[in-house]
Amino acid sequence: MYDGGKIIPGLVIFLILLTFPFWFNIGQAAYEQPELQMPDEETQCIEPTEWMRANHMELLDVWRDMAVREDKPTYVSSRGETMEISLQKTCMSCHTNQAEFCDKCHTSAAVSPYCWDCHVAPEEVSDGQ
Amino acid sequence: MDNKRRTFLKFAGVAAALGAGGSVPLTLRAAYAPEQEQYKQDRDALTATRWGMVIDMRKFTSEEDFERCIEACHSVHNVPDQQLPKQKQKVMWIWTDHYEHAFPSSHNPYLAERVEHKDFLLLCNQCDNPPCVRVCPTKATFQREDGIVQMDFHRCIGCRYCMAGCPYGSRSFNFCDPAPYVQEKNADFPTRMRGVVEKCNFCVERLEEGLQPACVEAAPEGGMFFGDLDDPNSEVRRVLRENFSIRRKVELGTNPCVFYIV
């Protein structure tokens, strides 16, 4: 091989850099799901918990269009319950603590949804802000 | 050879059947999506085919009458108070102005005194042919089937074409984050963010609950009427039949749905 003395060390360095995230994280604590503050009075969310955990963002996205644009402000859940489509009036009447419920997962998953740029979280009202 | 093919087909058939049987629940689960769930209208909601409003200016006799309506609207909709850094940047859903500004094309120098020096209650005219909807590049402003010109704040990119398009000055732009200037937040309605346009929404959120708009409730007795313009038996139509009414800048062809009795 021509220039094998350069190519092989080069490949080795490249592979080390490529796999940097893997060996850098060896020995570090594994990802833990954050402990969320669950509502005291309710035991069941509008849909199964697992499903909500995976799909709440898509549900909210559809809710937004249904309530704002389609003039259909009532949702019938898979269990047949009806509820008003509203982040503030429905979701956050149980999940009253944005910092201890919403933000914990969002922070740990490094996502920053802009819901609360406009929507009012309950503690903002009680703080009189 | 034949035997082998026969066994292969049998095996393939059984495998396919098992595969199909096993995958049905999975596909069903994957198909469960919120958009396929049921969404419906509220049973208590007030409905119409063309909402309209009549304002009887003769019933508004004092400054407080206007103030009450403005306060009712702005507190329900989390409209920032007028302590914003710059007065020119204030946000208004409903406000007052003189006749010559509200009705510039029908102004004359010898106007009756009671009209000339009177304030008029102004708000979005919820036009039947709304220029703001036509110019909005993101369809953030749209017209509902019941005629209400509504804003989807989620979609507004703050280009302000609608403000240029609206001949009534009904729209306000949030030059700064309005949330700190809302004195007491209504937890049932969102605030807005910097860079978003806002305006009167004919209280769609209250109509859904079967309530009249906030300003109509706060108005002096018989001062404001709200109802279906398409229904000849509605109260607005009765009031319009019995009184002479005017509208703002009709010559522009926007067909405003807010009527004034002077």
# chains A, B, ... in the order shown; residues from 1 in each chain; ligands from 1
>>> select_by_dssp(residues="range 159-243 of chain B", states="alpha helix (DSSP H)", output="ChimeraX atom specification")
/B:161-165,204-208,214-218,235-242
>>> write_last_selection(atoms="N, CA and C atoms", output="PDB file, in the first residue's frame")
ATOM      1  N   TYR B 161     -49.159  42.662   7.111  1.00  0.00           N
ATOM      2  CA  TYR B 161     -49.930  42.957   5.899  1.00  0.00           C
ATOM      3  C   TYR B 161     -51.381  43.256   6.274  1.00  0.00           C
ATOM      4  N   CYS B 162     -51.904  42.486   7.245  1.00  0.00           N
ATOM      5  CA  CYS B 162     -53.300  42.663   7.622  1.00  0.00           C
ATOM      6  C   CYS B 162     -53.556  44.057   8.180  1.00  0.00           C
ATOM      7  N   MET B 163     -52.553  44.608   8.877  1.00  0.00           N
ATOM      8  CA  MET B 163     -52.723  45.943   9.443  1.00  0.00           C
ATOM      9  C   MET B 163     -52.769  46.977   8.328  1.00  0.00           C
ATOM     10  N   ALA B 164     -51.973  46.719   7.267  1.00  0.00           N
ATOM     11  CA  ALA B 164     -52.017  47.621   6.119  1.00  0.00           C
ATOM     12  C   ALA B 164     -53.333  47.436   5.379  1.00  0.00           C
ATOM     13  N   GLY B 165     -53.834  46.204   5.357  1.00  0.00           N
ATOM     14  CA  GLY B 165     -55.050  45.907   4.612  1.00  0.00           C
ATOM     15  C   GLY B 165     -56.304  46.399   5.293  1.00  0.00           C
ATOM     16  N   VAL B 204     -65.362  34.570  20.192  1.00  0.00           N
ATOM     17  CA  VAL B 204     -65.669  33.192  19.779  1.00  0.00           C
ATOM     18  C   VAL B 204     -65.614  32.219  20.952  1.00  0.00           C
ATOM     19  N   GLU B 205     -64.677  32.468  21.890  1.00  0.00           N
ATOM     20  CA  GLU B 205     -64.539  31.533  23.011  1.00  0.00           C
ATOM     21  C   GLU B 205     -65.741  31.612  23.942  1.00  0.00           C
ATOM     22  N   ARG B 206     -66.410  32.767  23.989  1.00  0.00           N
ATOM     23  CA  ARG B 206     -67.610  32.894  24.809  1.00  0.00           C
ATOM     24  C   ARG B 206     -68.835  32.340  24.084  1.00  0.00           C
ATOM     25  N   LEU B 207     -68.885  32.531  22.769  1.00  0.00           N
ATOM     26  CA  LEU B 207     -69.996  31.965  21.997  1.00  0.00           C
ATOM     27  C   LEU B 207     -70.033  30.445  22.142  1.00  0.00           C
ATOM     28  N   GLU B 208     -68.828  29.840  22.189  1.00  0.00           N
ATOM     29  CA  GLU B 208     -68.751  28.390  22.360  1.00  0.00           C
ATOM     30  C   GLU B 208     -69.399  27.945  23.663  1.00  0.00           C
ATOM     31  N   ALA B 214     -68.361  39.833  25.538  1.00  0.00           N
ATOM     32  CA  ALA B 214     -68.155  40.531  26.811  1.00  0.00           C
ATOM     33  C   ALA B 214     -68.613  41.980  26.751  1.00  0.00           C
ATOM     34  N   CYS B 215     -68.355  42.665  25.626  1.00  0.00           N
ATOM     35  CA  CYS B 215     -68.726  44.084  25.534  1.00  0.00           C
ATOM     36  C   CYS B 215     -70.251  44.240  25.531  1.00  0.00           C
ATOM     37  N   VAL B 216     -70.936  43.299  24.885  1.00  0.00           N
ATOM     38  CA  VAL B 216     -72.399  43.380  24.825  1.00  0.00           C
ATOM     39  C   VAL B 216     -72.985  43.243  26.231  1.00  0.00           C
ATOM     40  N   GLU B 217     -72.398  42.342  27.016  1.00  0.00           N
ATOM     41  CA  GLU B 217     -72.878  42.146  28.390  1.00  0.00           C
ATOM     42  C   GLU B 217     -72.608  43.381  29.249  1.00  0.00           C
ATOM     43  N   ALA B 218     -71.484  44.060  28.969  1.00  0.00           N
ATOM     44  CA  ALA B 218     -71.113  45.201  29.810  1.00  0.00           C
ATOM     45  C   ALA B 218     -71.779  46.492  29.371  1.00  0.00           C
ATOM     46  N   GLU B 235     -82.804  39.331  17.063  1.00  0.00           N
ATOM     47  CA  GLU B 235     -82.942  40.642  17.690  1.00  0.00           C
ATOM     48  C   GLU B 235     -82.207  41.726  16.901  1.00  0.00           C
ATOM     49  N   VAL B 236     -81.009  41.383  16.385  1.00  0.00           N
ATOM     50  CA  VAL B 236     -80.280  42.389  15.609  1.00  0.00           C
ATOM     51  C   VAL B 236     -81.089  42.831  14.397  1.00  0.00           C
ATOM     52  N   ARG B 237     -81.732  41.881  13.745  1.00  0.00           N
ATOM     53  CA  ARG B 237     -82.533  42.239  12.562  1.00  0.00           C
ATOM     54  C   ARG B 237     -83.737  43.096  12.962  1.00  0.00           C
ATOM     55  N   ARG B 238     -84.330  42.791  14.102  1.00  0.00           N
ATOM     56  CA  ARG B 238     -85.459  43.597  14.568  1.00  0.00           C
ATOM     57  C   ARG B 238     -85.016  45.034  14.828  1.00  0.00           C
ATOM     58  N   VAL B 239     -83.861  45.160  15.537  1.00  0.00           N
ATOM     59  CA  VAL B 239     -83.352  46.498  15.847  1.00  0.00           C
ATOM     60  C   VAL B 239     -83.012  47.253  14.563  1.00  0.00           C
ATOM     61  N   LEU B 240     -82.416  46.556  13.607  1.00  0.00           N
ATOM     62  CA  LEU B 240     -82.040  47.213  12.351  1.00  0.00           C
ATOM     63  C   LEU B 240     -83.268  47.606  11.536  1.00  0.00           C
ATOM     64  N   ARG B 241     -84.327  46.807  11.645  1.00  0.00           N
ATOM     65  CA  ARG B 241     -85.574  47.134  10.945  1.00  0.00           C
ATOM     66  C   ARG B 241     -86.219  48.393  11.502  1.00  0.00           C
ATOM     67  N   GLU B 242     -86.097  48.540  12.818  1.00  0.00           N
ATOM     68  CA  GLU B 242     -86.831  49.625  13.471  1.00  0.00           C
ATOM     69  C   GLU B 242     -86.053  50.927  13.530  1.00  0.00           C
TER      70      GLU B 242
END
>>> interface_residues(of="chain A", to="chain B", cutoff="10 Å", atoms="only C-alpha atoms", output="PDB file with N, CA and C atoms, in the first residue's frame")
ATOM      1  N   TRP A  51     -49.440   6.202  26.016  1.00  0.00           N
ATOM      2  CA  TRP A  51     -49.736   6.842  24.734  1.00  0.00           C
ATOM      3  C   TRP A  51     -49.542   8.346  24.829  1.00  0.00           C
ATOM      4  N   ASN A  55     -47.250  10.623  22.531  1.00  0.00           N
ATOM      5  CA  ASN A  55     -47.987  11.324  21.476  1.00  0.00           C
ATOM      6  C   ASN A  55     -48.639  12.641  21.882  1.00  0.00           C
ATOM      7  N   HIS A  56     -48.383  13.133  23.104  1.00  0.00           N
ATOM      8  CA  HIS A  56     -49.144  14.319  23.520  1.00  0.00           C
ATOM      9  C   HIS A  56     -48.905  15.507  22.600  1.00  0.00           C
ATOM     10  N   GLU A  58     -48.429  15.509  19.358  1.00  0.00           N
ATOM     11  CA  GLU A  58     -49.256  15.421  18.148  1.00  0.00           C
ATOM     12  C   GLU A  58     -50.723  15.668  18.482  1.00  0.00           C
ATOM     13  N   LEU A  59     -51.142  15.153  19.627  1.00  0.00           N
ATOM     14  CA  LEU A  59     -52.523  15.390  20.051  1.00  0.00           C
ATOM     15  C   LEU A  59     -52.779  16.891  20.195  1.00  0.00           C
ATOM     16  N   LEU A  60     -51.839  17.574  20.856  1.00  0.00           N
ATOM     17  CA  LEU A  60     -52.014  19.016  21.060  1.00  0.00           C
ATOM     18  C   LEU A  60     -52.016  19.770  19.740  1.00  0.00           C
ATOM     19  N   ASP A  61     -51.217  19.286  18.805  1.00  0.00           N
ATOM     20  CA  ASP A  61     -51.147  19.919  17.498  1.00  0.00           C
ATOM     21  C   ASP A  61     -52.495  19.822  16.778  1.00  0.00           C
ATOM     22  N   VAL A  62     -53.108  18.636  16.856  1.00  0.00           N
ATOM     23  CA  VAL A  62     -54.418  18.461  16.214  1.00  0.00           C
ATOM     24  C   VAL A  62     -55.478  19.247  16.988  1.00  0.00           C
ATOM     25  N   TRP A  63     -55.382  19.206  18.311  1.00  0.00           N
ATOM     26  CA  TRP A  63     -56.325  19.958  19.155  1.00  0.00           C
ATOM     27  C   TRP A  63     -56.356  21.431  18.764  1.00  0.00           C
ATOM     28  N   ARG A  64     -55.165  21.974  18.571  1.00  0.00           N
ATOM     29  CA  ARG A  64     -55.048  23.393  18.244  1.00  0.00           C
ATOM     30  C   ARG A  64     -55.838  23.711  16.981  1.00  0.00           C
ATOM     31  N   ASP A  65     -55.634  22.903  15.932  1.00  0.00           N
ATOM     32  CA  ASP A  65     -56.344  23.174  14.677  1.00  0.00           C
ATOM     33  C   ASP A  65     -57.837  22.954  14.826  1.00  0.00           C
ATOM     34  N   MET A  66     -58.209  21.918  15.567  1.00  0.00           N
ATOM     35  CA  MET A  66     -59.634  21.626  15.729  1.00  0.00           C
ATOM     36  C   MET A  66     -60.331  22.764  16.476  1.00  0.00           C
ATOM     37  N   ALA A  67     -59.702  23.238  17.535  1.00  0.00           N
ATOM     38  CA  ALA A  67     -60.355  24.266  18.352  1.00  0.00           C
ATOM     39  C   ALA A  67     -60.307  25.633  17.666  1.00  0.00           C
ATOM     40  N   VAL A  68     -59.151  25.981  17.091  1.00  0.00           N
ATOM     41  CA  VAL A  68     -59.006  27.331  16.553  1.00  0.00           C
ATOM     42  C   VAL A  68     -59.610  27.446  15.154  1.00  0.00           C
ATOM     43  N   ARG A  69     -59.346  26.462  14.320  1.00  0.00           N
ATOM     44  CA  ARG A  69     -59.690  26.626  12.906  1.00  0.00           C
ATOM     45  C   ARG A  69     -60.940  25.876  12.477  1.00  0.00           C
ATOM     46  N   GLU A  70     -61.203  24.711  13.084  1.00  0.00           N
ATOM     47  CA  GLU A  70     -62.295  23.874  12.586  1.00  0.00           C
ATOM     48  C   GLU A  70     -63.591  24.064  13.372  1.00  0.00           C
ATOM     49  N   ASP A  71     -63.552  24.878  14.407  1.00  0.00           N
ATOM     50  CA  ASP A  71     -64.747  25.131  15.211  1.00  0.00           C
ATOM     51  C   ASP A  71     -65.314  23.838  15.800  1.00  0.00           C
ATOM     52  N   LYS A  72     -64.421  22.951  16.247  1.00  0.00           N
ATOM     53  CA  LYS A  72     -64.869  21.728  16.912  1.00  0.00           C
ATOM     54  C   LYS A  72     -64.154  21.635  18.248  1.00  0.00           C
ATOM     55  N   PRO A  73     -64.633  22.356  19.243  1.00  0.00           N
ATOM     56  CA  PRO A  73     -63.870  22.496  20.480  1.00  0.00           C
ATOM     57  C   PRO A  73     -64.085  21.382  21.489  1.00  0.00           C
ATOM     58  N   THR A  74     -64.736  20.294  21.099  1.00  0.00           N
ATOM     59  CA  THR A  74     -64.951  19.193  22.036  1.00  0.00           C
ATOM     60  C   THR A  74     -64.263  17.935  21.528  1.00  0.00           C
ATOM     61  N   TYR A  75     -63.529  17.269  22.425  1.00  0.00           N
ATOM     62  CA  TYR A  75     -62.798  16.058  22.076  1.00  0.00           C
ATOM     63  C   TYR A  75     -63.460  14.864  22.743  1.00  0.00           C
ATOM     64  N   VAL A  76     -63.625  13.782  21.980  1.00  0.00           N
ATOM     65  CA  VAL A  76     -64.139  12.543  22.552  1.00  0.00           C
ATOM     66  C   VAL A  76     -62.968  11.576  22.627  1.00  0.00           C
ATOM     67  N   SER A  77     -62.591  11.169  23.834  1.00  0.00           N
ATOM     68  CA  SER A  77     -61.407  10.343  23.998  1.00  0.00           C
ATOM     69  C   SER A  77     -61.720   8.902  23.631  1.00  0.00           C
ATOM     70  N   SER A  78     -60.671   8.057  23.605  1.00  0.00           N
ATOM     71  CA  SER A  78     -60.875   6.661  23.226  1.00  0.00           C
ATOM     72  C   SER A  78     -61.708   5.935  24.268  1.00  0.00           C
ATOM     73  N   GLY A  80     -64.339   7.343  25.492  1.00  0.00           N
ATOM     74  CA  GLY A  80     -65.678   7.876  25.299  1.00  0.00           C
ATOM     75  C   GLY A  80     -65.986   9.104  26.141  1.00  0.00           C
ATOM     76  N   THR A  82     -65.968  13.044  27.030  1.00  0.00           N
ATOM     77  CA  THR A  82     -65.873  14.271  26.255  1.00  0.00           C
ATOM     78  C   THR A  82     -65.237  15.353  27.116  1.00  0.00           C
ATOM     79  N   MET A  83     -64.454  16.184  26.448  1.00  0.00           N
ATOM     80  CA  MET A  83     -63.807  17.280  27.179  1.00  0.00           C
ATOM     81  C   MET A  83     -63.573  18.451  26.256  1.00  0.00           C
ATOM     82  N   GLU A  84     -63.420  19.626  26.848  1.00  0.00           N
ATOM     83  CA  GLU A  84     -63.153  20.825  26.065  1.00  0.00           C
ATOM     84  C   GLU A  84     -61.700  20.811  25.625  1.00  0.00           C
ATOM     85  N   ILE A  85     -61.467  21.184  24.378  1.00  0.00           N
ATOM     86  CA  ILE A  85     -60.104  21.262  23.879  1.00  0.00           C
ATOM     87  C   ILE A  85     -59.494  22.564  24.372  1.00  0.00           C
ATOM     88  N   SER A  86     -58.614  22.464  25.335  1.00  0.00           N
ATOM     89  CA  SER A  86     -57.986  23.667  25.854  1.00  0.00           C
ATOM     90  C   SER A  86     -56.786  23.285  26.694  1.00  0.00           C
ATOM     91  N   LEU A  87     -55.634  23.804  26.321  1.00  0.00           N
ATOM     92  CA  LEU A  87     -54.433  23.540  27.109  1.00  0.00           C
ATOM     93  C   LEU A  87     -54.595  24.107  28.509  1.00  0.00           C
ATOM     94  N   GLN A  88     -55.132  25.335  28.579  1.00  0.00           N
ATOM     95  CA  GLN A  88     -55.223  26.012  29.872  1.00  0.00           C
ATOM     96  C   GLN A  88     -56.365  25.472  30.727  1.00  0.00           C
ATOM     97  N   LYS A  89     -57.512  25.195  30.080  1.00  0.00           N
ATOM     98  CA  LYS A  89     -58.681  24.831  30.874  1.00  0.00           C
ATOM     99  C   LYS A  89     -58.757  23.332  31.136  1.00  0.00           C
ATOM    100  N   THR A  90     -58.252  22.505  30.223  1.00  0.00           N
ATOM    101  CA  THR A  90     -58.363  21.061  30.408  1.00  0.00           C
ATOM    102  C   THR A  90     -57.045  20.460  30.917  1.00  0.00           C
ATOM    103  N   MET A  92     -54.170  21.797  31.962  1.00  0.00           N
ATOM    104  CA  MET A  92     -53.512  22.388  33.118  1.00  0.00           C
ATOM    105  C   MET A  92     -54.441  22.557  34.317  1.00  0.00           C
ATOM    106  N   TYR A 114     -42.778  26.229  22.713  1.00  0.00           N
ATOM    107  CA  TYR A 114     -43.083  27.626  23.045  1.00  0.00           C
ATOM    108  C   TYR A 114     -44.523  27.820  23.499  1.00  0.00           C
ATOM    109  N   CYS A 115     -45.146  26.754  24.019  1.00  0.00           N
ATOM    110  CA  CYS A 115     -46.542  26.853  24.462  1.00  0.00           C
ATOM    111  C   CYS A 115     -46.758  28.023  25.408  1.00  0.00           C
ATOM    112  N   TRP A 116     -45.846  28.159  26.396  1.00  0.00           N
ATOM    113  CA  TRP A 116     -46.086  29.113  27.481  1.00  0.00           C
ATOM    114  C   TRP A 116     -45.563  30.497  27.166  1.00  0.00           C
ATOM    115  N   ASP A 117     -45.108  30.700  25.917  1.00  0.00           N
ATOM    116  CA  ASP A 117     -44.856  32.077  25.495  1.00  0.00           C
ATOM    117  C   ASP A 117     -46.164  32.852  25.542  1.00  0.00           C
ATOM    118  N   CYS A 118     -47.249  32.153  25.210  1.00  0.00           N
ATOM    119  CA  CYS A 118     -48.558  32.811  25.191  1.00  0.00           C
ATOM    120  C   CYS A 118     -49.514  32.202  26.213  1.00  0.00           C
ATOM    121  N   HIS A 119     -49.591  30.882  26.252  1.00  0.00           N
ATOM    122  CA  HIS A 119     -50.557  30.259  27.154  1.00  0.00           C
ATOM    123  C   HIS A 119     -50.161  30.498  28.605  1.00  0.00           C
ATOM    124  N   VAL A 120     -51.179  30.690  29.419  1.00  0.00           N
ATOM    125  CA  VAL A 120     -50.958  31.085  30.807  1.00  0.00           C
ATOM    126  C   VAL A 120     -50.955  29.843  31.692  1.00  0.00           C
ATOM    127  N   ALA A 121     -49.845  29.613  32.392  1.00  0.00           N
ATOM    128  CA  ALA A 121     -49.789  28.500  33.335  1.00  0.00           C
ATOM    129  C   ALA A 121     -50.446  28.917  34.644  1.00  0.00           C
ATOM    130  N   PRO A 122     -51.071  27.963  35.352  1.00  0.00           N
ATOM    131  CA  PRO A 122     -51.811  28.336  36.558  1.00  0.00           C
ATOM    132  C   PRO A 122     -50.999  29.124  37.588  1.00  0.00           C
ATOM    133  N   GLU A 123     -49.715  28.778  37.773  1.00  0.00           N
ATOM    134  CA  GLU A 123     -48.964  29.479  38.825  1.00  0.00           C
ATOM    135  C   GLU A 123     -48.743  30.948  38.491  1.00  0.00           C
ATOM    136  N   GLU A 124     -48.742  31.264  37.162  1.00  0.00           N
ATOM    137  CA  GLU A 124     -48.603  32.672  36.785  1.00  0.00           C
ATOM    138  C   GLU A 124     -49.764  33.484  37.310  1.00  0.00           C
ATOM    139  N   VAL A 125     -50.956  32.840  37.293  1.00  0.00           N
ATOM    140  CA  VAL A 125     -52.145  33.554  37.753  1.00  0.00           C
ATOM    141  C   VAL A 125     -52.102  33.706  39.267  1.00  0.00           C
ATOM    142  N   SER A 126     -51.719  32.606  39.971  1.00  0.00           N
ATOM    143  CA  SER A 126     -51.713  32.680  41.422  1.00  0.00           C
ATOM    144  C   SER A 126     -50.613  33.613  41.924  1.00  0.00           C
ATOM    145  N   ASP A 127     -49.509  33.733  41.151  1.00  0.00           N
ATOM    146  CA  ASP A 127     -48.463  34.687  41.512  1.00  0.00           C
ATOM    147  C   ASP A 127     -48.881  36.129  41.293  1.00  0.00           C
ATOM    148  N   GLY A 128     -49.976  36.293  40.535  1.00  0.00           N
ATOM    149  CA  GLY A 128     -50.441  37.650  40.233  1.00  0.00           C
ATOM    150  C   GLY A 128     -49.546  38.336  39.222  1.00  0.00           C
ATOM    151  N   GLN A 129     -48.871  37.572  38.397  1.00  0.00           N
ATOM    152  CA  GLN A 129     -47.985  38.176  37.412  1.00  0.00           C
ATOM    153  C   GLN A 129     -48.787  38.784  36.262  1.00  0.00           C
TER     154      GLN A 129
END
>>> atom_distance(atom1="CA of Cys159 in chain B", atom2="CA of Asn125 in chain B")
21.1 Å
>>> residues_around(residues="Lys104 in chain A", least_positions_apart="3", cutoff="8 Å", atoms="only C-alpha atoms", output="ChimeraX atom specification")
/A:34-36,99-101,107-108
>>> atom_distance(atom1="CA of Cys73 in chain B", atom2="CA of Lys199 in chain B")
11.0 Å
>>> residues_around(residues="Glu42 in chain A", least_positions_apart="4", cutoff="10 Å", atoms="only C-alpha atoms", output="CSV table (one decimal) with C-alpha atoms, in the first residue's frame")
chain,number,residue,atom,x,y,z
A,38,MET,CA,-48.5,13.8,39.1
A,94,CYS,CA,-54.9,18.7,36.5
A,95,HIS,CA,-51.3,19.3,35.5
>>> residues_around(residues="range 97-103 of chain B", least_positions_apart="2", cutoff="10 Å", atoms="only C-alpha atoms", output="number ranges by chain")
B: 95, 105-109, 111, 115-122, 168-169, 246-250
>>> write_last_selection(atoms="N, CA and C atoms", output="PDB file, in the first residue's frame")
ATOM      1  N   TRP B  95     -62.154  50.345  21.195  1.00  0.00           N
ATOM      2  CA  TRP B  95     -61.685  51.667  21.602  1.00  0.00           C
ATOM      3  C   TRP B  95     -62.684  52.720  21.132  1.00  0.00           C
ATOM      4  N   SER B 105     -65.757  59.450   5.466  1.00  0.00           N
ATOM      5  CA  SER B 105     -66.338  59.762   4.163  1.00  0.00           C
ATOM      6  C   SER B 105     -67.700  60.436   4.283  1.00  0.00           C
ATOM      7  N   SER B 106     -68.345  60.325   5.436  1.00  0.00           N
ATOM      8  CA  SER B 106     -69.649  60.966   5.564  1.00  0.00           C
ATOM      9  C   SER B 106     -69.587  62.146   6.531  1.00  0.00           C
ATOM     10  N   HIS B 107     -68.380  62.680   6.691  1.00  0.00           N
ATOM     11  CA  HIS B 107     -68.237  63.824   7.582  1.00  0.00           C
ATOM     12  C   HIS B 107     -68.722  65.084   6.871  1.00  0.00           C
ATOM     13  N   ASN B 108     -69.374  65.964   7.603  1.00  0.00           N
ATOM     14  CA  ASN B 108     -69.664  67.278   7.036  1.00  0.00           C
ATOM     15  C   ASN B 108     -69.463  68.344   8.101  1.00  0.00           C
ATOM     16  N   PRO B 109     -69.145  69.559   7.672  1.00  0.00           N
ATOM     17  CA  PRO B 109     -68.746  70.590   8.644  1.00  0.00           C
ATOM     18  C   PRO B 109     -69.898  71.066   9.526  1.00  0.00           C
ATOM     19  N   LEU B 111     -72.240  69.204  11.170  1.00  0.00           N
ATOM     20  CA  LEU B 111     -72.802  68.009  11.786  1.00  0.00           C
ATOM     21  C   LEU B 111     -73.577  68.371  13.057  1.00  0.00           C
ATOM     22  N   VAL B 115     -73.688  64.568  17.721  1.00  0.00           N
ATOM     23  CA  VAL B 115     -72.877  63.562  17.041  1.00  0.00           C
ATOM     24  C   VAL B 115     -71.432  64.005  16.935  1.00  0.00           C
ATOM     25  N   GLU B 116     -71.255  65.295  16.643  1.00  0.00           N
ATOM     26  CA  GLU B 116     -69.908  65.806  16.375  1.00  0.00           C
ATOM     27  C   GLU B 116     -68.966  65.593  17.550  1.00  0.00           C
ATOM     28  N   HIS B 117     -69.443  65.841  18.758  1.00  0.00           N
ATOM     29  CA  HIS B 117     -68.553  65.762  19.914  1.00  0.00           C
ATOM     30  C   HIS B 117     -68.691  64.446  20.663  1.00  0.00           C
ATOM     31  N   LYS B 118     -69.291  63.495  20.004  1.00  0.00           N
ATOM     32  CA  LYS B 118     -69.539  62.229  20.690  1.00  0.00           C
ATOM     33  C   LYS B 118     -68.452  61.211  20.351  1.00  0.00           C
ATOM     34  N   ASP B 119     -68.122  60.379  21.337  1.00  0.00           N
ATOM     35  CA  ASP B 119     -67.217  59.261  21.080  1.00  0.00           C
ATOM     36  C   ASP B 119     -68.011  58.113  20.473  1.00  0.00           C
ATOM     37  N   PHE B 120     -67.381  57.383  19.583  1.00  0.00           N
ATOM     38  CA  PHE B 120     -67.998  56.172  19.031  1.00  0.00           C
ATOM     39  C   PHE B 120     -67.203  54.959  19.493  1.00  0.00           C
ATOM     40  N   LEU B 121     -67.927  53.887  19.795  1.00  0.00           N
ATOM     41  CA  LEU B 121     -67.274  52.650  20.226  1.00  0.00           C
ATOM     42  C   LEU B 121     -66.865  51.878  18.975  1.00  0.00           C
ATOM     43  N   LEU B 122     -65.561  51.656  18.817  1.00  0.00           N
ATOM     44  CA  LEU B 122     -65.068  51.030  17.594  1.00  0.00           C
ATOM     45  C   LEU B 122     -64.421  49.694  17.903  1.00  0.00           C
ATOM     46  N   TYR B 168     -59.923  49.954   8.886  1.00  0.00           N
ATOM     47  CA  TYR B 168     -60.548  50.454  10.119  1.00  0.00           C
ATOM     48  C   TYR B 168     -59.555  50.594  11.272  1.00  0.00           C
ATOM     49  N   GLY B 169     -58.307  50.214  11.045  1.00  0.00           N
ATOM     50  CA  GLY B 169     -57.322  50.287  12.122  1.00  0.00           C
ATOM     51  C   GLY B 169     -57.659  49.374  13.280  1.00  0.00           C
ATOM     52  N   ILE B 246     -75.997  53.139  10.403  1.00  0.00           N
ATOM     53  CA  ILE B 246     -74.900  53.412   9.470  1.00  0.00           C
ATOM     54  C   ILE B 246     -73.759  52.443   9.756  1.00  0.00           C
ATOM     55  N   ARG B 247     -72.890  52.275   8.752  1.00  0.00           N
ATOM     56  CA  ARG B 247     -71.712  51.432   8.918  1.00  0.00           C
ATOM     57  C   ARG B 247     -70.485  52.222   8.510  1.00  0.00           C
ATOM     58  N   ARG B 248     -69.309  51.730   8.920  1.00  0.00           N
ATOM     59  CA  ARG B 248     -68.075  52.469   8.636  1.00  0.00           C
ATOM     60  C   ARG B 248     -67.543  52.138   7.241  1.00  0.00           C
ATOM     61  N   LYS B 249     -67.206  53.165   6.477  1.00  0.00           N
ATOM     62  CA  LYS B 249     -66.496  53.040   5.184  1.00  0.00           C
ATOM     63  C   LYS B 249     -67.071  51.952   4.282  1.00  0.00           C
ATOM     64  N   VAL B 250     -68.406  51.973   4.105  1.00  0.00           N
ATOM     65  CA  VAL B 250     -69.050  50.966   3.254  1.00  0.00           C
ATOM     66  C   VAL B 250     -68.562  51.029   1.818  1.00  0.00           C
TER      67      VAL B 250
END
>>> atom_distance(atom1="CA of Cys156 in chain B", atom2="CA of Ser172 in chain B")
12.6 Å
>>> residues_around(residues="Ile94 in chain B", least_positions_apart="6", cutoff="10 Å", atoms="only C-alpha atoms", output="number ranges by chain")
B: 66-67, 69-74, 121-124, 170-171, 199-200, 215
>>> write_last_selection(atoms="C-alpha atoms", output="short mmCIF file (atom, residue, chain, number, x, y, z; two decimals), in the first residue's frame")
data_model
loop_
_atom_site.label_atom_id
_atom_site.label_comp_id
_atom_site.auth_asym_id
_atom_site.auth_seq_id
_atom_site.Cartn_x
_atom_site.Cartn_y
_atom_site.Cartn_z
CA PHE B 66 -67.50 53.12 27.07
CA GLU B 67 -64.94 52.35 29.76
CA CYS B 69 -67.18 47.80 27.63
CA ILE B 70 -63.48 48.31 26.95
CA GLU B 71 -62.51 47.04 30.38
CA ALA B 72 -64.74 43.96 30.03
CA CYS B 73 -63.21 43.05 26.69
CA HIS B 74 -59.60 43.73 27.57
CA LEU B 121 -67.27 52.65 20.23
CA LEU B 122 -65.07 51.03 17.59
CA LEU B 123 -63.98 47.44 17.11
CA CYS B 124 -63.18 44.99 14.33
CA SER B 170 -58.76 47.35 14.03
CA ARG B 171 -55.50 45.54 14.39
CA LYS B 199 -57.72 42.07 17.18
CA CYS B 200 -61.30 41.57 18.35
CA CYS B 215 -68.73 44.08 25.53
#
>>> select_by_dssp(residues="range 1-84 of chain A", states="strand (DSSP E or B)", output="PyMOL selection string")
chain A and resi 74-76+82-84
>>> residues_around(residues="Phe60 in chain B", least_positions_apart="5", cutoff="8 Å", atoms="only C-alpha atoms", output="list in words")
Asp65, Phe66, Pro220 and Gly223 of chain B
>>> closest_residue(among="B:Gln212, B:Thr7, B:Thr47, B:Gln89", to="Phe173 in chain B", atoms="only C-alpha atoms")
B:Gln89
